[in-house]
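Structure file target.cif (mmCIF, C-alpha atoms) is printed below.
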```cif
data_protein
#
loop_
_atom_site.label_atom_id
_atom_site.label_comp_id
_atom_site.auth_asym_id
_atom_site.auth_seq_id
_atom_site.Cartn_x
_atom_site.Cartn_y
_atom_site.Cartn_z
CA MET A 1098 -26.31 18.46 52.40
CA VAL A 1099 -23.23 20.52 51.61
CA ARG A 1100 -21.24 17.32 51.22
CA CYS A 1101 -23.75 15.94 48.70
CA GLY A 1102 -23.68 19.20 46.73
CA VAL A 1103 -19.87 19.13 46.54
CA THR A 1104 -19.95 15.53 45.35
CA VAL A 1105 -22.51 16.34 42.64
CA MET A 1106 -20.46 19.35 41.55
CA LEU A 1107 -17.24 17.27 41.50
CA VAL A 1108 -18.88 14.49 39.44
CA GLY A 1109 -20.33 17.07 37.05
CA THR A 1110 -16.96 18.74 36.59
CA LEU A 1111 -15.16 15.44 36.04
CA GLY A 1112 -17.84 14.36 33.58
CA ALA A 1113 -17.44 17.55 31.58
CA LEU A 1114 -13.67 17.10 31.52
CA LEU A 1115 -13.97 13.51 30.34
CA VAL A 1116 -16.46 14.41 27.62
CA GLY A 1117 -14.09 17.12 26.41
CA ALA A 1118 -11.16 14.72 26.44
CA PHE A 1119 -12.96 12.29 24.15
CA PRO A 1120 -14.88 14.32 21.60
CA ARG A 1121 -17.80 12.68 19.88
CA GLY A 1122 -17.82 12.16 16.16
CA THR A 1123 -14.11 11.50 15.84
CA SER A 1124 -12.92 8.58 13.80
CA ASN A 1125 -11.78 5.43 15.53
CA LYS A 1126 -9.30 4.88 12.73
CA SER A 1127 -5.62 5.18 13.44
CA CYS A 1128 -2.48 4.98 11.41
CA SER A 1129 -0.05 2.26 12.30
CA LEU A 1130 2.11 0.98 9.50
CA SER A 1131 4.93 -0.26 11.72
CA LYS A 1132 3.94 -3.90 11.13
CA TYR A 1133 4.94 -3.41 7.49
CA ARG A 1134 8.54 -2.51 8.31
CA PHE A 1135 9.13 -6.26 8.42
CA PRO A 1136 6.20 -8.14 6.89
CA ALA A 1137 5.62 -11.66 8.17
CA PRO A 1138 7.90 -14.23 6.54
CA SER A 1139 4.88 -16.33 5.57
CA GLU A 1140 3.47 -13.38 3.61
CA LEU A 1141 6.78 -12.76 1.85
CA LYS A 1142 7.12 -16.45 0.96
CA ALA A 1143 3.61 -16.47 -0.50
CA VAL A 1144 4.43 -13.41 -2.60
CA GLN A 1145 7.70 -15.01 -3.72
CA ARG A 1146 5.90 -18.24 -4.74
CA MET A 1147 3.37 -16.23 -6.74
CA LYS A 1148 6.10 -14.23 -8.49
CA GLU A 1149 8.10 -17.36 -9.36
CA GLN A 1150 5.03 -19.12 -10.69
CA PHE A 1151 4.17 -16.09 -12.81
CA GLU A 1152 7.74 -15.96 -14.18
CA ASP A 1153 7.40 -19.63 -15.20
CA ILE A 1154 4.14 -18.86 -17.00
CA MET A 1155 5.77 -15.92 -18.79
CA LEU A 1156 8.62 -18.12 -20.00
CA LEU A 1157 6.17 -20.68 -21.36
CA THR A 1158 4.13 -18.08 -23.21
CA ASN A 1159 7.21 -16.20 -24.42
CA ARG A 1160 5.51 -12.92 -23.49
CA LYS A 1161 7.70 -9.84 -23.79
CA CYS A 1162 6.81 -6.50 -22.29
CA ASN A 1163 8.91 -3.38 -22.14
CA SER A 1164 6.97 -1.44 -19.54
CA ARG A 1165 9.12 1.08 -17.73
CA LEU A 1166 6.42 1.98 -15.26
CA PHE A 1167 8.44 0.98 -12.20
CA HIS A 1168 11.66 2.58 -13.43
CA ARG A 1169 11.89 5.97 -11.77
CA LYS A 1170 14.61 8.58 -11.66
CA TRP A 1171 13.92 9.23 -7.99
CA ASN A 1172 14.05 7.17 -4.82
CA THR A 1173 11.00 6.60 -2.64
CA ALA A 1174 12.91 7.96 0.38
CA GLU A 1175 13.02 11.37 -1.37
CA LEU A 1176 9.23 11.68 -1.03
CA SER A 1177 7.32 13.01 1.96
CA VAL A 1178 5.60 10.40 4.13
CA PRO A 1179 2.12 11.20 2.71
CA ASP A 1180 3.59 10.95 -0.83
CA ARG A 1181 5.12 7.56 0.02
CA ILE A 1182 1.79 6.30 1.32
CA THR A 1183 0.02 7.61 -1.79
CA LEU A 1184 2.64 5.98 -4.03
CA VAL A 1185 2.32 2.57 -2.40
CA ALA A 1186 -1.48 2.76 -2.42
CA ALA A 1187 -1.41 3.46 -6.18
CA GLU A 1188 1.09 0.65 -6.79
CA LEU A 1189 -1.09 -1.71 -4.78
CA ASP A 1190 -4.22 -0.65 -6.68
CA LEU A 1191 -2.52 -1.79 -9.87
CA ALA A 1192 -1.13 -5.00 -8.35
CA ILE A 1193 -4.45 -5.98 -6.77
CA THR A 1194 -6.34 -5.30 -9.99
CA MET A 1195 -3.89 -7.47 -11.92
CA LEU A 1196 -3.91 -10.27 -9.31
CA THR A 1197 -7.68 -10.53 -9.56
CA LYS A 1198 -7.24 -11.47 -13.24
CA PRO A 1199 -4.94 -14.52 -13.08
CA THR A 1200 -4.04 -16.24 -16.33
CA THR A 1201 -4.30 -19.81 -15.02
CA GLN A 1202 -6.22 -21.65 -12.31
CA ARG A 1203 -2.96 -22.59 -10.60
CA LEU A 1204 -1.89 -18.93 -10.49
CA ALA A 1205 -5.35 -18.00 -9.17
CA GLU A 1206 -4.82 -20.35 -6.23
CA THR A 1207 -1.28 -19.11 -5.61
CA CYS A 1208 -2.48 -15.48 -5.67
CA GLN A 1209 -5.08 -15.88 -2.92
CA GLN A 1210 -2.82 -15.31 0.10
CA PRO A 1211 -0.77 -12.48 -1.47
CA LEU A 1212 -4.00 -10.86 -2.67
CA ALA A 1213 -5.50 -10.93 0.83
CA PHE A 1214 -2.29 -9.53 2.32
CA LEU A 1215 -1.94 -6.74 -0.26
CA THR A 1216 -5.61 -5.81 0.05
CA GLN A 1217 -5.21 -5.42 3.83
CA VAL A 1218 -2.09 -3.30 3.31
CA ARG A 1219 -3.96 -1.04 0.89
CA GLU A 1220 -6.81 -0.56 3.38
CA ASP A 1221 -4.31 0.32 6.12
CA LEU A 1222 -2.64 2.84 3.81
CA ARG A 1223 -5.97 4.44 2.95
CA ASP A 1224 -6.83 4.69 6.66
CA CYS A 1225 -3.49 6.42 7.27
CA LEU A 1226 -4.10 8.94 4.52
CA SER A 1227 -7.61 9.68 5.78
CA VAL A 1228 -6.32 10.22 9.34
CA GLU A 1229 -2.99 11.93 8.76
CA ALA A 1230 -3.32 13.75 5.46
CA PRO A 1231 -6.95 13.82 4.29
CA SER A 1232 -6.38 16.69 1.86
CA HIS A 1233 -2.86 15.73 0.74
CA GLN A 1234 -1.85 16.88 -2.72
CA PRO A 1235 0.96 14.81 -4.28
CA SER A 1236 4.27 16.50 -5.02
CA GLY A 1237 5.23 17.21 -8.63
CA LYS A 1238 7.46 14.10 -8.75
CA LEU A 1239 4.70 11.82 -7.55
CA ARG A 1240 2.00 13.54 -9.60
CA HIS A 1241 4.09 12.94 -12.75
CA TRP A 1242 4.46 9.23 -11.88
CA LEU A 1243 0.72 8.91 -11.14
CA GLN A 1244 0.00 10.39 -14.58
CA LYS A 1245 2.43 7.89 -16.10
CA LEU A 1246 0.57 5.09 -14.29
CA ASP A 1247 -2.78 6.36 -15.55
CA THR A 1248 -1.47 6.52 -19.13
CA ALA A 1249 -0.03 2.99 -18.85
CA LYS A 1250 -3.40 1.67 -17.66
CA LYS A 1251 -5.02 3.07 -20.79
CA LYS A 1252 -2.34 2.18 -23.35
CA GLU A 1253 -0.64 -1.02 -22.22
CA SER A 1254 -2.14 -4.46 -22.60
CA ALA A 1255 -3.59 -6.16 -19.53
CA GLY A 1256 -0.89 -8.83 -19.89
CA CYS A 1257 1.92 -6.30 -19.77
CA LEU A 1258 0.36 -4.45 -16.85
CA GLN A 1259 0.03 -7.75 -15.02
CA ALA A 1260 3.65 -8.62 -15.77
CA SER A 1261 4.83 -5.22 -14.62
CA ALA A 1262 2.84 -5.37 -11.38
CA ILE A 1263 3.86 -8.92 -10.45
CA LEU A 1264 7.48 -8.74 -11.52
CA HIS A 1265 7.96 -5.55 -9.51
CA ILE A 1266 5.97 -6.65 -6.46
CA PHE A 1267 9.05 -6.67 -4.24
CA GLN A 1268 9.80 -3.08 -5.27
CA VAL A 1269 6.26 -2.25 -4.08
CA LEU A 1270 6.99 -4.03 -0.78
CA ASN A 1271 10.23 -2.05 -0.44
CA ASP A 1272 8.27 1.15 -1.05
CA LEU A 1273 5.83 -0.02 1.64
CA ARG A 1274 8.70 -0.62 4.05
CA CYS A 1275 9.95 2.91 3.39
CA ALA A 1276 6.48 4.36 4.02
CA ALA A 1277 6.23 2.36 7.26
CA GLN A 1278 9.60 3.67 8.43
CA ARG A 1279 8.30 7.21 8.05
CA GLU A 1280 11.13 9.75 8.46
CA ASP A 1281 13.65 6.98 9.16
CA CYS A 1282 13.63 5.75 5.56
CA THR A 1283 16.89 6.55 3.84
#
```

In structure tokens, what does this structure look like?
Amino acid sequence: MVRCGVTVMLVGTLGALLVGAFPRGTSNKSCSLSKYRFPAPSELKAVQRMKEQFEDIMLLTNRKCNSRLFHRKWNTAELSVPDRITLVAAELDLAITMLTKPTTQRLAETCQQPLAFLTQVREDLRDCLSVEAPSHQPSGKLRHWLQKLDTAKKKESAGCLQASAILHIFQVLNDLRCAAQREDCT
């Protein structure tokens, strides 16, 4: 009888410890951006094909845009990790919006794989922000750039925004790589 009571007490204690170790109501989301340090070559090739095809279309239409949206006086590595993640998420929001409005059927087909890849990246970035920095407030540098982005969305033509987003897509991927490297980005 004593032996049974000790066993019940031991199981009860262990159960309480295990319940405390794994609290209920916590998110199953995690933040792992390490896979974006070196995106898959197939993804990069698809993005490169899309960019080249878009450049060909721009040459044929003789479209000229002078957007300076992606020209910044600061380097992404100067930002905090949450700022980097916020920056890339905002850049991807613009790119994804512009990729969903292709100018030709051929470009629409070429955009499918990059669009799927970039959409997944954006979701992973959002998960990271919600887990690691849910109440993050951007630094002054980043806040100024986000305001510049918002102004550009309102004032620039859709064609110029599309050109800016696609022509600078590898800058966005470099910013992503920096965010994925966390403190190791220099």

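Proximity to region 1179-1186 of chain A at 6 Å, evaluated using only C-alpha atoms and with sequence-adjacent residues fewer than 2 positions away removed, yields Leu1176, Ser1177, Glu1188, Leu1189, Arg1219, Pro1235, Leu1273 and Ala1276 of chain A.
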
Selected residues written out, C-alpha atoms, as a compact mmCIF listing (two decimals), in the coordinates of the input:
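Output file again_17.txt is given in full below:
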```
# COMPACT_ATOMS: atom_id res chain seq x y z
CA LEU A 1176 9.23 11.68 -1.03
CA SER A 1177 7.32 13.01 1.96
CA GLU A 1188 1.09 0.65 -6.79
CA LEU A 1189 -1.09 -1.71 -4.78
CA ARG A 1219 -3.96 -1.04 0.89
CA PRO A 1235 0.96 14.81 -4.28
CA LEU A 1273 5.83 -0.02 1.64
CA ALA A 1276 6.48 4.36 4.02
```

Top pick for closest residue to Thr1158 (chain A), considering A:Thr1201, A:Val1178, A:Lys1252, A:Pro1138 and counting all atoms listed in the file: A:Thr1201

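Checking A:Ala1277, A:Leu1270, A:Cys1225, A:Leu1191 one by one against Leu1141 (chain A), counting only C-alpha atoms, you find the shortest gap at A:Leu1270.
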
Nearest candidate to Leu1258 (chain A) (options A:Ile1154, A:Cys1275, A:Cys1282, A:Leu1246; using all atoms listed in the file):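 Of all the options, A:Leu1246 lies closest to Leu1258 (chain A).
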
Atomic distance CA of Gln1259 (chain A) - CA of Met1195 (chain A), expressed in Å with one decimal: 5.0 Å

Picked residues, the PyMOL selection byres ((chain A and resi 1268) around 12), as a ChimeraX atom specification: /A:1144,1166-1169,1172-1173,1184-1185,1188-1189,1192,1261-1267,1269-1275

Point-to-point distance from CA of Leu1212 (chain A) to CA of Ala1260 (chain A), Å rounded to tenths: 15.3 Å
